[in-house]
>>> print(open('target.tsv').read())   # TSV, C-alpha atoms
chain	number	residue	atom	x	y	z
A	596	MET	CA	14.29	-1.98	18.12
A	597	ASP	CA	15.62	1.17	16.47
A	598	LEU	CA	14.90	0.84	12.74
A	599	GLY	CA	17.55	3.41	11.86
A	600	ILE	CA	15.32	5.63	9.73
A	601	ALA	CA	14.70	8.63	12.02
A	602	GLY	CA	14.96	11.83	10.00
A	603	ARG	CA	14.24	10.08	6.70
A	604	ASN	CA	11.53	11.42	4.38
A	605	ALA	CA	8.61	9.41	3.02
A	606	ILE	CA	5.78	9.77	0.55
A	607	VAL	CA	2.83	7.61	1.55
A	608	CYS	CA	0.06	7.44	-1.03
A	609	ALA	CA	-3.63	7.05	-0.15
A	610	SER	CA	-2.82	7.54	3.51
A	611	SER	CA	-5.74	9.43	5.02
A	612	ARG	CA	-7.17	6.15	6.33
A	613	GLY	CA	-6.84	2.38	6.21
A	614	LEU	CA	-3.61	0.63	5.30
A	615	GLY	CA	-1.91	3.77	4.01
A	616	ARG	CA	-2.57	5.61	7.26
A	617	ALA	CA	-1.30	2.64	9.25
A	618	CYS	CA	1.97	2.72	7.29
A	619	ALA	CA	2.33	6.48	7.78
A	620	GLU	CA	1.73	6.17	11.52
A	621	SER	CA	4.29	3.40	11.93
A	622	LEU	CA	6.88	5.34	9.95
A	623	ALA	CA	6.21	8.52	11.92
A	624	ARG	CA	6.66	6.62	15.17
A	625	GLU	CA	10.16	5.77	13.93
A	626	GLY	CA	10.89	9.46	13.35
A	627	VAL	CA	10.23	9.56	9.60
A	628	ASN	CA	8.83	12.79	8.12
A	629	VAL	CA	5.81	11.95	6.00
A	630	VAL	CA	3.91	13.45	3.10
A	631	LEU	CA	0.36	12.16	3.19
A	632	ASN	CA	-2.01	11.88	0.26
A	633	GLY	CA	-5.72	11.38	-0.21
A	634	ARG	CA	-8.75	12.64	-2.07
A	635	ASN	CA	-10.68	14.02	0.89
A	636	ARG	CA	-9.09	17.13	2.37
A	637	GLU	CA	-10.97	16.98	5.66
A	638	SER	CA	-10.01	13.37	6.31
A	639	LEU	CA	-6.43	14.01	5.25
A	640	GLU	CA	-6.03	17.03	7.50
A	641	ALA	CA	-7.45	15.11	10.46
A	642	THR	CA	-4.97	12.30	9.91
A	643	ALA	CA	-2.09	14.73	9.55
A	644	GLU	CA	-3.01	16.48	12.80
A	645	ALA	CA	-3.28	13.16	14.64
A	646	ILE	CA	0.18	12.12	13.48
A	647	ARG	CA	1.70	15.52	14.32
A	648	SER	CA	0.20	15.34	17.80
A	649	ALA	CA	1.55	11.87	18.47
A	650	HIS	CA	5.01	12.15	16.91
A	651	LYS	CA	7.62	14.87	16.55
A	652	VAL	CA	7.92	14.69	12.78
A	653	ARG	CA	7.10	16.93	9.86
A	654	VAL	CA	3.80	16.07	8.22
A	655	GLU	CA	2.58	17.56	4.95
A	656	ILE	CA	-0.45	16.75	2.82
A	657	VAL	CA	-1.23	16.58	-0.88
A	658	VAL	CA	-4.88	16.29	-1.87
A	659	GLY	CA	-5.69	14.44	-5.09
A	660	ASP	CA	-5.72	11.17	-7.03
A	661	ILE	CA	-2.30	9.69	-7.70
A	662	GLU	CA	-3.58	8.61	-11.12
A	663	LEU	CA	-3.31	12.30	-12.06
A	664	GLU	CA	0.07	13.65	-13.13
A	665	ALA	CA	-0.65	16.90	-11.29
A	666	THR	CA	-1.05	15.04	-7.99
A	667	ARG	CA	2.16	13.09	-8.52
A	668	ASP	CA	3.96	16.33	-9.31
A	669	GLU	CA	2.66	17.88	-6.09
A	670	LEU	CA	3.84	14.89	-4.07
A	671	LEU	CA	7.33	15.19	-5.54
A	672	ALA	CA	7.35	18.94	-4.96
A	673	ALA	CA	6.44	18.36	-1.32
A	674	CYS	CA	9.17	15.72	-0.95
A	675	ALA	CA	11.79	16.27	-3.62
A	676	GLU	CA	14.23	13.65	-2.30
A	677	PRO	CA	12.17	10.88	-0.73
A	678	ASP	CA	14.01	8.08	1.02
A	679	ILE	CA	10.83	6.02	1.20
A	680	LEU	CA	7.91	5.64	-1.19
A	681	VAL	CA	4.82	3.71	-0.17
A	682	ASN	CA	2.57	3.14	-3.16
A	683	ASN	CA	-1.06	2.58	-2.31
A	684	ASN	CA	-4.41	3.18	-3.95
A	685	GLY	CA	-7.96	1.94	-3.67
A	686	GLY	CA	-8.67	-1.12	-5.75
A	687	PRO	CA	-11.49	-1.61	-8.23
A	688	PRO	CA	-14.62	-3.33	-6.91
A	689	PRO	CA	-15.25	-7.03	-7.51
A	690	GLY	CA	-17.40	-7.95	-10.47
A	691	ARG	CA	-17.92	-10.24	-13.47
A	692	PHE	CA	-15.33	-10.68	-16.18
A	693	GLN	CA	-18.05	-10.36	-18.83
A	694	ASP	CA	-18.98	-6.91	-17.53
A	695	TRP	CA	-15.51	-5.35	-17.76
A	696	ASP	CA	-14.99	-3.39	-20.95
A	697	ARG	CA	-11.81	-1.69	-22.12
A	698	ASP	CA	-12.51	1.41	-20.04
A	699	ALA	CA	-12.78	-0.69	-16.88
A	700	TRP	CA	-9.42	-2.35	-17.57
A	701	ILE	CA	-7.70	0.95	-18.40
A	702	ALA	CA	-9.03	2.53	-15.18
A	703	ALA	CA	-7.68	-0.40	-13.14
A	704	LEU	CA	-4.29	-0.19	-14.83
A	705	ASP	CA	-4.10	3.58	-14.33
A	706	ALA	CA	-4.90	3.33	-10.61
A	707	ASN	CA	-3.09	0.18	-9.56
A	708	MET	CA	-0.18	-0.24	-11.96
A	709	LEU	CA	0.70	2.86	-13.97
A	710	ALA	CA	0.42	5.48	-11.22
A	711	PRO	CA	2.76	3.54	-8.88
A	712	VAL	CA	5.16	2.73	-11.73
A	713	LEU	CA	5.37	6.40	-12.73
A	714	LEU	CA	6.10	7.45	-9.15
A	715	ILE	CA	8.81	4.80	-8.92
A	716	ARG	CA	10.33	6.13	-12.13
A	717	GLU	CA	10.56	9.63	-10.65
A	718	VAL	CA	12.22	8.65	-7.35
A	719	LEU	CA	14.41	5.69	-8.26
A	720	ASP	CA	17.45	7.45	-9.70
A	721	GLY	CA	17.70	9.82	-6.74
A	722	MET	CA	17.55	6.93	-4.30
A	723	VAL	CA	20.35	5.19	-6.19
A	724	GLU	CA	22.49	8.33	-6.12
A	725	ARG	CA	21.94	8.79	-2.37
A	726	ARG	CA	22.58	5.06	-1.73
A	727	PHE	CA	19.38	4.56	0.21
A	728	GLY	CA	15.84	3.86	-0.90
A	729	ARG	CA	12.88	1.84	0.23
A	730	ILE	CA	9.91	1.36	-2.10
A	731	ILE	CA	6.87	-0.50	-0.81
A	732	ASN	CA	3.89	-1.37	-2.98
A	733	ILE	CA	0.68	-2.28	-1.21
A	734	THR	CA	-0.86	-4.84	-3.53
A	735	SER	CA	-3.15	-7.73	-2.57
A	736	ALA	CA	-3.18	-11.39	-1.58
A	737	MET	CA	-5.02	-11.86	-4.89
A	738	VAL	CA	-1.69	-11.42	-6.70
A	739	LYS	CA	-0.76	-14.92	-5.52
A	740	THR	CA	-4.21	-16.43	-5.18
A	741	PRO	CA	-6.33	-14.79	-7.90
A	742	LEU	CA	-10.09	-15.04	-7.84
A	743	ALA	CA	-12.19	-14.19	-10.89
A	744	PRO	CA	-14.35	-11.50	-9.19
A	745	MET	CA	-11.18	-9.57	-8.31
A	746	GLY	CA	-9.73	-9.83	-11.82
A	747	LEU	CA	-9.31	-6.09	-12.39
A	748	SER	CA	-7.30	-5.69	-9.20
A	749	THR	CA	-5.29	-8.86	-9.72
A	750	GLY	CA	-4.39	-8.04	-13.31
A	751	ALA	CA	-3.15	-4.53	-12.60
A	752	ARG	CA	-1.32	-5.37	-9.40
A	753	SER	CA	0.36	-8.41	-10.89
A	754	GLY	CA	1.80	-6.10	-13.54
A	755	LEU	CA	3.16	-3.78	-10.84
A	756	THR	CA	4.64	-6.80	-9.04
A	757	SER	CA	6.46	-7.91	-12.17
A	758	VAL	CA	7.91	-4.49	-12.92
A	759	SER	CA	9.08	-4.06	-9.32
A	760	LYS	CA	10.75	-7.46	-9.26
A	761	ALA	CA	12.70	-6.65	-12.41
A	762	LEU	CA	13.78	-3.25	-11.08
A	763	SER	CA	14.79	-4.66	-7.70
A	764	ARG	CA	17.66	-6.60	-9.28
A	765	GLN	CA	19.02	-3.48	-10.98
A	766	VAL	CA	19.21	-1.26	-7.88
A	767	ALA	CA	20.00	-3.64	-5.02
A	768	HIS	CA	23.69	-2.74	-5.24
A	769	ALA	CA	22.81	0.85	-4.23
A	770	ASN	CA	20.92	-0.13	-1.05
A	771	VAL	CA	17.60	0.50	-2.78
A	772	THR	CA	14.91	-2.11	-2.25
A	773	LEU	CA	11.48	-2.75	-3.77
A	774	ASN	CA	9.05	-4.98	-1.93
A	775	ASN	CA	5.33	-5.66	-1.95
A	776	LEU	CA	2.92	-6.07	0.94
A	777	LEU	CA	0.01	-8.42	0.22
A	778	PRO	CA	-2.86	-7.84	2.67
A	779	GLU	CA	-5.66	-10.30	3.26
A	780	ARG	CA	-8.60	-9.42	5.52
A	781	ILE	CA	-7.13	-6.46	7.40
A	782	ASP	CA	-9.79	-4.73	9.49
A	783	THR	CA	-10.27	-1.52	7.50
A	784	ASP	CA	-13.13	0.33	5.81
A	785	ARG	CA	-12.45	-1.80	2.73
A	786	GLN	CA	-13.37	-4.93	4.67
A	787	ARG	CA	-16.47	-3.21	5.99
A	788	GLY	CA	-17.50	-2.52	2.41
A	789	MET	CA	-16.87	-6.13	1.42
A	790	ALA	CA	-18.96	-7.33	4.37
A	791	GLU	CA	-21.80	-5.02	3.36
A	792	LEU	CA	-21.62	-6.27	-0.21
A	793	ARG	CA	-21.67	-9.89	0.98
A	794	SER	CA	-24.67	-9.06	3.16
A	795	LYS	CA	-26.52	-7.47	0.27
A	796	LEU	CA	-25.86	-10.25	-2.21
A	797	GLY	CA	-25.94	-13.24	0.10
A	798	GLY	CA	-28.84	-12.67	2.44
A	799	VAL	CA	-26.72	-12.59	5.61
A	800	SER	CA	-26.21	-9.84	8.16
A	801	VAL	CA	-23.07	-7.71	8.13
A	802	GLU	CA	-22.04	-9.33	11.42
A	803	GLU	CA	-22.45	-12.79	9.89
A	804	ALA	CA	-20.39	-11.66	6.91
A	805	TYR	CA	-17.62	-10.60	9.28
A	806	GLU	CA	-17.71	-13.99	10.96
A	807	GLU	CA	-17.38	-15.66	7.56
A	808	MET	CA	-14.34	-13.50	6.87
A	809	LYS	CA	-12.75	-14.50	10.18
A	810	ARG	CA	-13.36	-18.19	9.54
A	811	SER	CA	-11.64	-17.87	6.16
A	812	ILE	CA	-8.39	-16.84	7.90
A	813	ALA	CA	-6.15	-19.44	9.55
A	814	ALA	CA	-5.66	-17.13	12.55
A	815	GLN	CA	-9.47	-16.94	12.90
A	816	ARG	CA	-9.41	-13.16	13.11
A	817	LEU	CA	-8.95	-10.12	10.94
A	818	GLY	CA	-5.56	-8.44	10.84
A	819	GLU	CA	-4.97	-5.16	12.66
A	820	PRO	CA	-3.94	-2.11	10.62
A	821	GLY	CA	-1.10	-1.51	13.08
A	822	GLU	CA	0.34	-4.94	12.34
A	823	PHE	CA	0.37	-4.08	8.67
A	824	GLY	CA	1.95	-0.67	9.26
A	825	ASP	CA	4.71	-2.14	11.40
A	826	ALA	CA	5.57	-4.67	8.68
A	827	CYS	CA	5.89	-1.76	6.27
A	828	ALA	CA	8.13	0.15	8.67
A	829	PHE	CA	10.45	-2.82	9.06
A	830	LEU	CA	10.83	-3.27	5.30
A	831	CYS	CA	11.75	0.43	5.18
A	832	SER	CA	14.36	0.03	7.91
A	833	ALA	CA	18.12	0.15	7.74
A	834	GLN	CA	18.13	-3.51	8.78
A	835	ALA	CA	16.05	-4.57	5.75
A	836	GLY	CA	18.60	-3.66	3.10
A	837	TYR	CA	19.14	-7.32	2.18
A	838	ILE	CA	15.44	-7.93	1.53
A	839	SER	CA	14.26	-6.95	-1.94
A	840	GLY	CA	11.98	-8.14	-4.70
A	841	GLN	CA	9.79	-9.96	-2.19
A	842	ASN	CA	6.05	-10.37	-1.65
A	843	LEU	CA	5.22	-10.41	2.05
A	844	GLN	CA	1.78	-11.80	2.77
A	845	LEU	CA	-0.05	-10.49	5.79
A	846	ASP	CA	-2.84	-13.02	5.94
A	847	GLY	CA	-2.82	-14.69	9.34
A	848	GLY	CA	-1.07	-17.74	7.91
A	849	SER	CA	-3.79	-18.48	5.38
A	850	TYR	CA	-1.79	-18.88	2.16
A	851	ALA	CA	-1.55	-22.61	1.43
A	852	GLY	CA	1.35	-22.51	-1.02
A	853	LEU	CA	5.08	-22.98	-0.42
A	854	VAL	CA	6.35	-19.98	-2.37
>>> encode(input="target.tsv", output="structure tokens")
Amino acid sequence: MDLGIAGRNAIVCASSRGLGRACAESLAREGVNVVLNGRNRESLEATAEAIRSAHKVRVEIVVGDIELEATRDELLAACAEPDILVNNNGGPPPGRFQDWDRDAWIAALDANMLAPVLLIREVLDGMVERRFGRIINITSAMVKTPLAPMGLSTGARSGLTSVSKALSRQVAHANVTLNNLLPERIDTDRQRGMAELRSKLGGVSVEEAYEEMKRSIAAQRLGEPGEFGDACAFLCSAQAGYISGQNLQLDGGSYAGLV
């Protein structure tokens, strides 16, 4: 299926590895030029070279945290008229509500709500003027099914979800969409870290922790990064112009609710 986005330009945040990289790879396969971002130059350059080698697209990199205005400015300088923006950033670690002070909450908001919102602000008007725009926020299944240990992540990302929903109604007429991808148990380094934490705190091996994760998913397996990336690419497609303001869960059918 031709997604109709060859030659488009995308900014993909936190894309040197994991879910961000998967999205960048799927977009590049469709002929989209991508600007990658990450904090580790070596990892970012390796990812960029891998994508260049596999796909005939332009790939640029911007090293830095998207929480920093300077990094956001560099991203926009590298891609002044993005057709696609994929917001992504590492989430805060799980913990106890009683341990989170004001600084912890502000850090979570900066990383997982305010940085994406500020990038959206910079690109939205141009997308409206050009009559094409696709904004994807990578959030979390915890937005719909919050758990107390993930409160920092849930709080910040729920705020981003709300802002995006409100904006989606204002720009739909211009073929600009805003949607959220809600991952649950995708097989990335993040899940490895969660398994190691479970092993440390729960007296089980890392392999046993992985098996627990798989049993918690209706599909009885972890999701593949490529599956996630392809869902992102479709929501960025020409065919997805009538889909906006939505939260797409990629959770192997695990969510028990109706909406």
>>> closest_residue(input="target.tsv", among="A:Thr740, A:Ser757, A:Ser735, A:Ser832", to="Gly685 in chain A", atoms="only C-alpha atoms")
A:Ser735
>>> atom_distance(input="target.tsv", atom1="CA of Leu843 in chain A", atom2="CA of Glu819 in chain A")
15.6 Å
>>> residues_around(input="target.tsv", residues="Pro688 in chain A", least_positions_apart="3", cutoff="9 Å", atoms="only C-alpha atoms", output="list in words")
Pro744, Met745, Leu747 and Ser748 of chain A
>>> write_last_selection(input="target.tsv", atoms="C-alpha atoms", output="PDB file, in the coordinates of the input")
ATOM      1  CA  PRO A 744     -14.350 -11.500  -9.190  1.00  0.00           C
ATOM      2  CA  MET A 745     -11.180  -9.570  -8.310  1.00  0.00           C
ATOM      3  CA  LEU A 747      -9.310  -6.090 -12.390  1.00  0.00           C
ATOM      4  CA  SER A 748      -7.300  -5.690  -9.200  1.00  0.00           C
TER       5      SER A 748
END
>>> residues_around(input="target.tsv", residues="Gly836 in chain A", least_positions_apart="3", cutoff="10 Å", atoms="all atoms listed in the file", output="list in words")
Phe727, Gly728, Arg729, Ala767, His768, Ala769, Asn770, Val771, Thr772, Leu773, Leu830, Cys831, Ser832, Ala833 and Ser839 of chain A
>>> write_last_selection(input="target.tsv", atoms="C-alpha atoms", output="mmCIF file, keeping the file's coordinate frame")
data_model
loop_
_atom_site.group_PDB
_atom_site.id
_atom_site.type_symbol
_atom_site.label_atom_id
_atom_site.label_comp_id
_atom_site.auth_asym_id
_atom_site.auth_seq_id
_atom_site.Cartn_x
_atom_site.Cartn_y
_atom_site.Cartn_z
ATOM 1 C CA PHE A 727 19.380 4.560 0.210
ATOM 2 C CA GLY A 728 15.840 3.860 -0.900
ATOM 3 C CA ARG A 729 12.880 1.840 0.230
ATOM 4 C CA ALA A 767 20.000 -3.640 -5.020
ATOM 5 C CA HIS A 768 23.690 -2.740 -5.240
ATOM 6 C CA ALA A 769 22.810 0.850 -4.230
ATOM 7 C CA ASN A 770 20.920 -0.130 -1.050
ATOM 8 C CA VAL A 771 17.600 0.500 -2.780
ATOM 9 C CA THR A 772 14.910 -2.110 -2.250
ATOM 10 C CA LEU A 773 11.480 -2.750 -3.770
ATOM 11 C CA LEU A 830 10.830 -3.270 5.300
ATOM 12 C CA CYS A 831 11.750 0.430 5.180
ATOM 13 C CA SER A 832 14.360 0.030 7.910
ATOM 14 C CA ALA A 833 18.120 0.150 7.740
ATOM 15 C CA SER A 839 14.260 -6.950 -1.940
#
>>> atom_distance(input="target.tsv", atom1="CA of Ile646 in chain A", atom2="CA of Leu713 in chain A")
27.3 Å
>>> closest_residue(input="target.tsv", among="A:Ser611, A:Thr666, A:Gln693, A:Asn775", to="Lys739 in chain A", atoms="all atoms listed in the file")
A:Asn775
>>> residues_near_point(input="target.tsv", point="(-8.0, 14.2, 5.7)", cutoff="12 Å", atoms="all atoms listed in the file", output="MDAnalysis selection string")
chainID A and resid 609:613 616 631:646 655:659
>>> closest_residue(input="target.tsv", among="A:Gln844, A:Ser794, A:Asn604, A:Thr749", to="Glu676 in chain A", atoms="only C-alpha atoms")
A:Asn604
>>> closest_residue(input="target.tsv", among="A:Ala706, A:Leu622, A:Leu670, A:Leu777", to="Gly599 in chain A", atoms="all atoms listed in the file")
A:Leu622
>>> atom_distance(input="target.tsv", atom1="CA of Leu796 in chain A", atom2="CA of Ala851 in chain A")
27.5 Å
>>> residues_around(input="target.tsv", residues="Ser621 in chain A", least_positions_apart="5", cutoff="9 Å", atoms="all atoms listed in the file", output="list in words")
Arg616, Val627, Gly821, Gly824, Asp825, Ala826, Cys827 and Ala828 of chain A
>>> closest_residue(input="target.tsv", among="A:Met722, A:Ala790, A:Ala601, A:Ala672", to="Val766 in chain A", atoms="only C-alpha atoms")
A:Met722
>>> build_atoms(input="target.tsv", residues="range 631-643 of chain A", atoms="N, CA and C atoms", output="short mmCIF file (atom, residue, chain, number, x, y, z; two decimals), keeping the file's coordinate frame")
data_model
loop_
_atom_site.label_atom_id
_atom_site.label_comp_id
_atom_site.auth_asym_id
_atom_site.auth_seq_id
_atom_site.Cartn_x
_atom_site.Cartn_y
_atom_site.Cartn_z
N LEU A 631 1.57 12.95 3.31
CA LEU A 631 0.36 12.16 3.19
C LEU A 631 -0.41 12.55 1.93
N ASN A 632 -1.23 11.63 1.47
CA ASN A 632 -2.01 11.88 0.26
C ASN A 632 -3.38 11.25 0.39
N GLY A 633 -4.37 11.91 -0.18
CA GLY A 633 -5.72 11.38 -0.21
C GLY A 633 -6.62 12.30 -1.00
N ARG A 634 -7.83 11.85 -1.26
CA ARG A 634 -8.75 12.64 -2.07
C ARG A 634 -9.65 13.56 -1.26
N ASN A 635 -9.79 13.25 0.03
CA ASN A 635 -10.68 14.02 0.89
C ASN A 635 -9.85 14.91 1.81
N ARG A 636 -9.93 16.22 1.60
CA ARG A 636 -9.09 17.13 2.37
C ARG A 636 -9.37 17.04 3.87
N GLU A 637 -10.63 17.00 4.24
CA GLU A 637 -10.97 16.98 5.66
C GLU A 637 -10.39 15.75 6.35
N SER A 638 -10.55 14.60 5.73
CA SER A 638 -10.01 13.37 6.31
C SER A 638 -8.49 13.42 6.36
N LEU A 639 -7.88 13.95 5.32
CA LEU A 639 -6.43 14.01 5.25
C LEU A 639 -5.87 14.95 6.31
N GLU A 640 -6.50 16.09 6.49
CA GLU A 640 -6.03 17.03 7.50
C GLU A 640 -6.18 16.47 8.90
N ALA A 641 -7.26 15.72 9.14
CA ALA A 641 -7.45 15.11 10.46
C ALA A 641 -6.36 14.08 10.74
N THR A 642 -6.03 13.28 9.74
CA THR A 642 -4.97 12.30 9.91
C THR A 642 -3.63 12.97 10.14
N ALA A 643 -3.35 14.01 9.38
CA ALA A 643 -2.09 14.73 9.55
C ALA A 643 -1.96 15.31 10.95
#
